[in-house]
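Since the structure comes first, as structure tokens, the remarks are kept for the end.
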Amino acid sequence: MAYLNNLFSPLRVRNVILKNRIVVAPMGIPKAKLISTDYLGGLSLSDKALGGSAVITVATDALARLADEKSAFDKYALDVTREVYSIMKQGGGLTMAEIPFHGGMNEDGSFQGPSDGTHFTGGQMKEMTREQMDKTIGDMCDQALKIKSFGFDLLMLHMGHDSLCSIFLSPVWNKRTDGYGGSVENRARFMIEALKKLRETLGNDYPIMVRFSRELKVPETYEEDDMLYLLKQVEDYIDIANISCGMDCYGGTVEKYVANTYTHTTIFQPRMFNLDFAERVKKETKLKVCLVGGVSDPVLCDELIGNGSIDMVMLGRQLVADPFWPKKAQEEKFDEIIPCLRCLNCYHVATKHFNTQCSVNPRFRRENRVPLKLEKAGDPKKVVIIGGGPAGMKAALTADEAGHRVTLIEKEGKLGGNLKYADYGDYKQDLKKYRDYLIKHIERSDIDVRLNTAADMKLLESLDPDKVIIAIGADF
């Protein structure tokens with residue numbers, strides 16, 4: 001298809017060629033050792049790898065947790081890392097491994113940071129010595145070299161959100177009086193040294209993406225111009241700037257994670273929240289720019305790449321909701337893309353873990369129990385579903401896919417249930433897209449929809465169903 005020829009055009013980054021401009025975000029997972037799935041490679045990457053994205057990303061700290069080792073490249077973690085790597089490769093995409101730019105812990109339990117004071121999580125922070133700073137850079141480069149040697153095609157360095165970059169660049173957290181504090185030139189110096197050393201370690205052919213927060217959206221934030229200064233200083237050392245925003249660990253508890261709404265935008269923030277700053281970076285530096293944060297519309301992505309605003313897009317939650325977003329977009333099957341609600345139920349940091357799952361994709365993290373396609377029932381049943389809200393519609397579509405004869409009864413004059421309120425208010429647009437997606441698929445199915453119909457006993461007896469599903473929804 002030539003319609004989205006910008007989004008699906010190849011892109012060379014040093015020694016690799018991306019088949020399109022779509023990158024899978026390095027989403028983390030809960031720390032549980034035993035949950036309901038084997039993850040098919042560790043992090044629900046199987047469907048994402050098969051979904052058509054150009055680059056599949058994994059966080060190495062998550063791989064280490066999965067293997068119960070300190071590093072993804074420790075001897076007894078390598079088997080896990082190799083298995084995940086093979087899963088990432090199965091769709092023909094490139095592989096990228098993410099490492100964080102974090103400080104260590106001191107023997108007294110305090111955090112290593114730019115200067116003495118309160119750490120962003122609420123704990124105590126002590127000023128890093130020159131030796132600790134050198135060790136941090138050395139450890140990072142050592143991990144990066146292992147990533148390259150293992151066979152990963154690209155490296156992603158996390159310098160955004162809760163990284164050392166964020167707190168060193170902050171004029172509030174960084175109170176140093178030496179050459180690493182005070183002016184923006186000094187506050188940026190540590191990151192510049194680190195990225196210069198990283199490039200020297202990996203050589204001139206290996207591609208490097210770095211995630212940066214445009215600002216932190218907390219009282220201790222630096223200015224966007226400070227971040228732009230840093231980006232201009234490192235444009236010879238890195239290739240791609242991944243533009244994010246905010247912090248994801250501020251305050252130490254879930255209730256205080258106010259900046260989460262910027263790192264992983266909810267319905268209260270516009271989609272593509274970071275676009276304006278990404279455009280500045282694209283215009284004022286020679287870096288390739290990868291936009292992240294509420295990316296969902298493939299047509300808009302194509303336009304932005306075509307007009308030179310950005311070079312590529314990174315998708316996280318949208319590829320949880322529908323990992324086959326790239327293939328559906330390339331085939332122009334836009335109305336088959338399952339919309340992401342931006343509810344954050346899949347985000348392990350932002351939830352209390354009652355149900356760290358996707359609200360619209362039951363297969364996420366349960367691939368071993370929920371198939372991609374349902375087999376047709378050997379003995380089709382007559383199924384009556386009472387209630388045309390989201391639960392009733394999804395139940396009807398699932399039963400229809402399995403080959404059952406389905407009747408969907410709704411007392412109102414249209415489907416949607418309480419999602420009818422999605423017609424009101426800008427904050428409900430994501431819900432409205434999902435409701436309309438369900439209705440459109442109901443209309444294309446063989447489901448017998450009966451609107452303005454009360455499900456009384458007389459009607460049920462006349463339909464003579466084998467099974468009845470009651471999905472009457474919530475009552476306000």
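Chain lettering (A, B, ...) mirrors the order of the structure tokens, residue numbering begins at 1 for each chain separately, and ligand numbering begins at 1 in order of display.
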What parts of range 322-408 of chain A does DSSP call strand (DSSP E)? I'd like the answer as JSON, numbers by chain.
{"A": [382, 383, 384, 385, 386, 405, 406, 407, 408]}
May I have the residues from that selection written out with all heavy atoms, as a short mmCIF file (atom, residue, chain, number, x, y, z; two decimals), in the first residue's frame?
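Result file selection_30.cif:
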```cif
data_model
loop_
_atom_site.label_atom_id
_atom_site.label_comp_id
_atom_site.auth_asym_id
_atom_site.auth_seq_id
_atom_site.Cartn_x
_atom_site.Cartn_y
_atom_site.Cartn_z
N LYS A 382 -27.30 -21.69 20.41
CA LYS A 382 -28.07 -20.46 20.31
C LYS A 382 -27.81 -19.66 21.59
O LYS A 382 -28.16 -20.10 22.69
CB LYS A 382 -29.56 -20.76 20.17
CG LYS A 382 -29.93 -21.33 18.82
CD LYS A 382 -31.44 -21.22 18.54
CE LYS A 382 -32.25 -22.02 19.54
NZ LYS A 382 -33.70 -21.96 19.22
N VAL A 383 -27.20 -18.49 21.40
CA VAL A 383 -26.78 -17.68 22.55
C VAL A 383 -27.55 -16.36 22.53
O VAL A 383 -27.56 -15.66 21.51
CB VAL A 383 -25.27 -17.40 22.52
CG1 VAL A 383 -24.85 -16.56 23.71
CG2 VAL A 383 -24.48 -18.71 22.50
N VAL A 384 -28.17 -16.06 23.65
CA VAL A 384 -28.84 -14.77 23.80
C VAL A 384 -28.08 -13.93 24.82
O VAL A 384 -27.76 -14.42 25.92
CB VAL A 384 -30.30 -14.96 24.26
CG1 VAL A 384 -30.92 -13.61 24.64
CG2 VAL A 384 -31.12 -15.60 23.16
N ILE A 385 -27.77 -12.71 24.43
CA ILE A 385 -27.04 -11.80 25.31
C ILE A 385 -27.94 -10.61 25.60
O ILE A 385 -28.46 -9.96 24.69
CB ILE A 385 -25.73 -11.34 24.67
CG1 ILE A 385 -24.83 -12.56 24.44
CG2 ILE A 385 -25.02 -10.31 25.56
CD1 ILE A 385 -23.60 -12.28 23.63
N ILE A 386 -28.15 -10.35 26.89
CA ILE A 386 -29.02 -9.27 27.32
C ILE A 386 -28.15 -8.09 27.74
O ILE A 386 -27.39 -8.16 28.70
CB ILE A 386 -29.91 -9.71 28.50
CG1 ILE A 386 -30.75 -10.94 28.10
CG2 ILE A 386 -30.81 -8.56 28.93
CD1 ILE A 386 -31.51 -11.54 29.26
N ARG A 405 -24.78 -18.99 17.18
CA ARG A 405 -25.87 -18.16 16.66
C ARG A 405 -26.27 -17.19 17.78
O ARG A 405 -26.84 -17.61 18.80
CB ARG A 405 -27.04 -19.03 16.21
CG ARG A 405 -26.66 -20.02 15.12
CD ARG A 405 -27.85 -20.81 14.61
NE ARG A 405 -28.43 -21.68 15.62
CZ ARG A 405 -27.98 -22.88 15.95
NH1 ARG A 405 -26.90 -23.37 15.35
NH2 ARG A 405 -28.56 -23.61 16.89
N VAL A 406 -26.01 -15.91 17.56
CA VAL A 406 -26.07 -14.93 18.64
C VAL A 406 -27.20 -13.93 18.41
O VAL A 406 -27.36 -13.39 17.31
CB VAL A 406 -24.73 -14.17 18.77
CG1 VAL A 406 -24.79 -13.21 19.95
CG2 VAL A 406 -23.58 -15.15 18.94
N THR A 407 -27.96 -13.71 19.47
CA THR A 407 -28.95 -12.65 19.49
C THR A 407 -28.58 -11.67 20.61
O THR A 407 -28.37 -12.08 21.76
CB THR A 407 -30.36 -13.19 19.75
OG1 THR A 407 -30.71 -14.12 18.72
CG2 THR A 407 -31.38 -12.05 19.76
N LEU A 408 -28.47 -10.40 20.26
CA LEU A 408 -28.10 -9.36 21.23
C LEU A 408 -29.30 -8.46 21.45
O LEU A 408 -29.83 -7.85 20.50
CB LEU A 408 -26.91 -8.56 20.70
CG LEU A 408 -26.42 -7.39 21.57
CD1 LEU A 408 -25.97 -7.87 22.94
CD2 LEU A 408 -25.29 -6.65 20.86
#
```
If you take only C-alpha atoms and a cut-off of 12 Å, which residues of range 398-440 of chain A touch range 348-365 of chain A, and what are their nearest atom pairs and distances in Å to one decimal, in chain and number order, as a Markdown table?
```
| residue | atom | partner | partner_atom | distance |
| --- | --- | --- | --- | --- |
| A:Thr398 | CA | A:Pro362 | CA | 11.6 |
| A:Asp430 | CA | A:Val360 | CA | 11.7 |
| A:Leu431 | CA | A:Val360 | CA | 10.7 |
| A:Lys433 | CA | A:Val360 | CA | 11.9 |
| A:Tyr434 | CA | A:Val360 | CA | 8.5 |
| A:Arg435 | CA | A:Val360 | CA | 10.9 |
| A:Tyr437 | CA | A:Val360 | CA | 11.1 |
| A:Leu438 | CA | A:Val360 | CA | 10.6 |
```
Would you pick out the contacts of range 81-91 of chain A at 10 Å or less, using only C-alpha atoms, so that residues sharing its chain but fewer than 5 positions from it are not included, and give the list as a ChimeraX atom specification?
/A:39-58,60,63-64,66-67,71-74,76,96-97,150-152
Let's see if you can do this: from backbone DSSP, list all helix (DSSP H, G or I) residues in range 242-449 of chain A, as number ranges by chain.
A: 254-256, 260-263, 275-284, 298-306, 317-321, 325-330, 334-336, 390-401, 417-423, 426-444
Would you mind telling me which residue in A:Thr201, A:Ile447, A:Gly294, A:Ala144 lies nearest to Phe268 in chain A when using only C-alpha atoms?
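Selected residue with least distance to Phe268 in chain A: A:Gly294.
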Quick check, in Å to one decimal: how far apart do CA of Asp134 in chain A and CA of His102 in chain A lie?
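Separating CA of Asp134 in chain A from CA of His102 in chain A is a distance of 12.6 Å.
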The residue from A:Lys414, A:Gly138, A:Lys428, A:Asp236 with the smallest atom-to-atom distance to Asn204 in chain A, counting only C-alpha atoms, is A:Asp236
Identify, on the basis of only C-alpha atoms, every residue whose closest approach to Ala402 in chain A does not exceed 10 Å; exclude the query and any residue fewer than 5 positions from it along the same chain; express the result as a list in words.
Lys373, Leu374, Glu375, Lys376, Ala377, Gly378, Pro380, Lys381, Ala396 and Leu397 of chain A
Identify, on the basis of only C-alpha atoms, every residue whose closest approach to Leu198 in chain A does not exceed 9 Å; exclude the query and any residue fewer than 2 positions from it along the same chain; express the result as number ranges by chain.
A: 137-138, 140-141, 144-145, 193-196, 200-203, 237-238
Produce a file of the selected residues containing all heavy atoms, as a compact mmCIF listing (two decimals), in the first residue's frame.
```
# COMPACT_ATOMS: atom_id res chain seq x y z
N ILE A 137 29.38 5.73 34.60
CA ILE A 137 29.62 5.75 33.14
C ILE A 137 30.24 4.44 32.69
O ILE A 137 29.85 3.87 31.66
CB ILE A 137 30.52 6.95 32.77
CG1 ILE A 137 29.79 8.27 33.04
CG2 ILE A 137 30.92 6.86 31.29
CD1 ILE A 137 30.65 9.51 32.80
N GLY A 138 31.19 3.93 33.44
CA GLY A 138 31.84 2.69 33.07
C GLY A 138 30.88 1.51 33.07
O GLY A 138 30.90 0.68 32.13
N MET A 140 27.65 1.63 32.66
CA MET A 140 26.74 1.82 31.53
C MET A 140 27.39 1.36 30.23
O MET A 140 26.78 0.64 29.43
CB MET A 140 26.33 3.29 31.43
CG MET A 140 25.48 3.63 30.21
SD MET A 140 25.43 5.40 29.87
CE MET A 140 27.11 5.73 29.34
N CYS A 141 28.61 1.76 30.00
CA CYS A 141 29.31 1.38 28.77
C CYS A 141 29.55 -0.12 28.71
O CYS A 141 29.49 -0.72 27.63
CB CYS A 141 30.62 2.15 28.65
SG CYS A 141 30.41 3.92 28.35
N ALA A 144 26.33 -1.64 27.68
CA ALA A 144 26.09 -1.33 26.27
C ALA A 144 26.91 -2.22 25.35
O ALA A 144 26.42 -2.70 24.32
CB ALA A 144 26.40 0.15 26.00
N LEU A 145 28.15 -2.45 25.73
CA LEU A 145 29.01 -3.30 24.91
C LEU A 145 28.51 -4.74 24.90
O LEU A 145 28.58 -5.43 23.87
CB LEU A 145 30.44 -3.24 25.44
CG LEU A 145 31.54 -3.75 24.50
CD1 LEU A 145 31.51 -2.99 23.18
CD2 LEU A 145 32.91 -3.60 25.16
N GLU A 193 29.54 13.92 29.03
CA GLU A 193 30.69 13.03 29.18
C GLU A 193 30.27 11.57 29.01
O GLU A 193 30.99 10.77 28.38
CB GLU A 193 31.32 13.24 30.55
CG GLU A 193 32.01 14.58 30.73
CD GLU A 193 32.54 14.79 32.14
OE1 GLU A 193 32.23 13.94 33.01
OE2 GLU A 193 33.27 15.77 32.35
N ALA A 194 29.11 11.22 29.58
CA ALA A 194 28.64 9.84 29.51
C ALA A 194 28.34 9.43 28.07
O ALA A 194 28.72 8.33 27.63
CB ALA A 194 27.39 9.68 30.38
N LEU A 195 27.69 10.29 27.32
CA LEU A 195 27.32 9.94 25.95
C LEU A 195 28.52 9.95 25.02
O LEU A 195 28.58 9.17 24.07
CB LEU A 195 26.22 10.89 25.45
CG LEU A 195 24.88 10.73 26.18
CD1 LEU A 195 23.88 11.80 25.75
CD2 LEU A 195 24.30 9.34 25.96
N LYS A 196 29.46 10.81 25.29
CA LYS A 196 30.70 10.79 24.50
C LYS A 196 31.45 9.48 24.71
O LYS A 196 31.91 8.84 23.75
CB LYS A 196 31.59 11.97 24.88
CG LYS A 196 32.88 12.03 24.08
CD LYS A 196 33.74 13.24 24.51
CE LYS A 196 35.03 13.28 23.68
NZ LYS A 196 35.90 14.43 24.09
N GLU A 200 32.30 6.33 22.04
CA GLU A 200 33.65 5.79 21.90
C GLU A 200 33.66 4.28 22.14
O GLU A 200 34.37 3.53 21.46
CB GLU A 200 34.59 6.49 22.88
CG GLU A 200 34.84 7.95 22.57
CD GLU A 200 35.64 8.64 23.67
OE1 GLU A 200 35.89 8.00 24.72
OE2 GLU A 200 35.99 9.83 23.49
N THR A 201 32.85 3.83 23.08
CA THR A 201 32.80 2.41 23.42
C THR A 201 32.17 1.58 22.31
O THR A 201 32.66 0.49 21.97
CB THR A 201 32.01 2.20 24.73
OG1 THR A 201 32.65 2.93 25.79
CG2 THR A 201 31.94 0.73 25.10
N LEU A 202 31.10 2.07 21.74
CA LEU A 202 30.34 1.30 20.76
C LEU A 202 30.84 1.47 19.33
O LEU A 202 30.48 0.69 18.45
CB LEU A 202 28.85 1.68 20.83
CG LEU A 202 28.15 1.33 22.14
CD1 LEU A 202 26.69 1.79 22.11
CD2 LEU A 202 28.22 -0.16 22.42
N GLY A 203 31.65 2.47 19.08
CA GLY A 203 32.14 2.71 17.74
C GLY A 203 31.20 3.55 16.90
O GLY A 203 30.09 3.88 17.33
N TYR A 237 27.12 12.38 19.19
CA TYR A 237 27.36 11.12 19.90
C TYR A 237 26.20 10.13 19.80
O TYR A 237 26.40 8.92 19.94
CB TYR A 237 27.65 11.39 21.38
CG TYR A 237 28.72 12.42 21.61
CD1 TYR A 237 28.58 13.39 22.61
CD2 TYR A 237 29.89 12.45 20.84
CE1 TYR A 237 29.57 14.34 22.83
CE2 TYR A 237 30.87 13.40 21.04
CZ TYR A 237 30.70 14.35 22.04
OH TYR A 237 31.67 15.30 22.24
N ILE A 238 24.99 10.62 19.60
CA ILE A 238 23.82 9.75 19.53
C ILE A 238 23.12 9.96 18.20
O ILE A 238 23.45 10.87 17.44
CB ILE A 238 22.85 10.00 20.71
CG1 ILE A 238 22.16 11.36 20.58
CG2 ILE A 238 23.59 9.89 22.03
CD1 ILE A 238 21.10 11.62 21.63
```
Nearest residue to Lys126 in chain A from the set A:Met105, A:Ala455, A:Ala391, A:Ile305 (distances using only C-alpha atoms):
A:Met105
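Using only C-alpha atoms, the nearest neighbour of Glu185 in chain A within the list A:Ile208, A:Leu415, A:Met156, A:Leu228 is A:Leu228.
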Using only C-alpha atoms, can you tell me which of A:Leu11, A:Ala278, A:Leu230, A:Ala25 comes closest to Arg317 in chain A?
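Checking each candidate against Arg317 in chain A, we get A:Ala25 as the closest.
Between Asn452 in chain A and the candidates A:Glu367, A:Asp116, A:Glu107, A:Glu410, the tightest atom-to-atom separation, counting only C-alpha atoms, involves A:Glu410.
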Could you give me, as a VMD selection string, the residues within 8 Å of range 120-123 of chain A, counting only C-alpha atoms and dropping anything in the same chain fewer than 2 positions from it?
chain A and resid 110 to 111 118 125 162 249 to 252
Correct to one decimal, the distance CA of Phe101 in chain A-CA of Ile167 in chain A is 11.1 Å
Excluding same-chain residues fewer than 2 positions from Asn174 in chain A, what lies within 12 Å of it counting only C-alpha atoms, as an NGL selection string?
:A and (112-120 or 125-128 or 164-172 or 176-184 or 186-188 or 190 or 220-222)
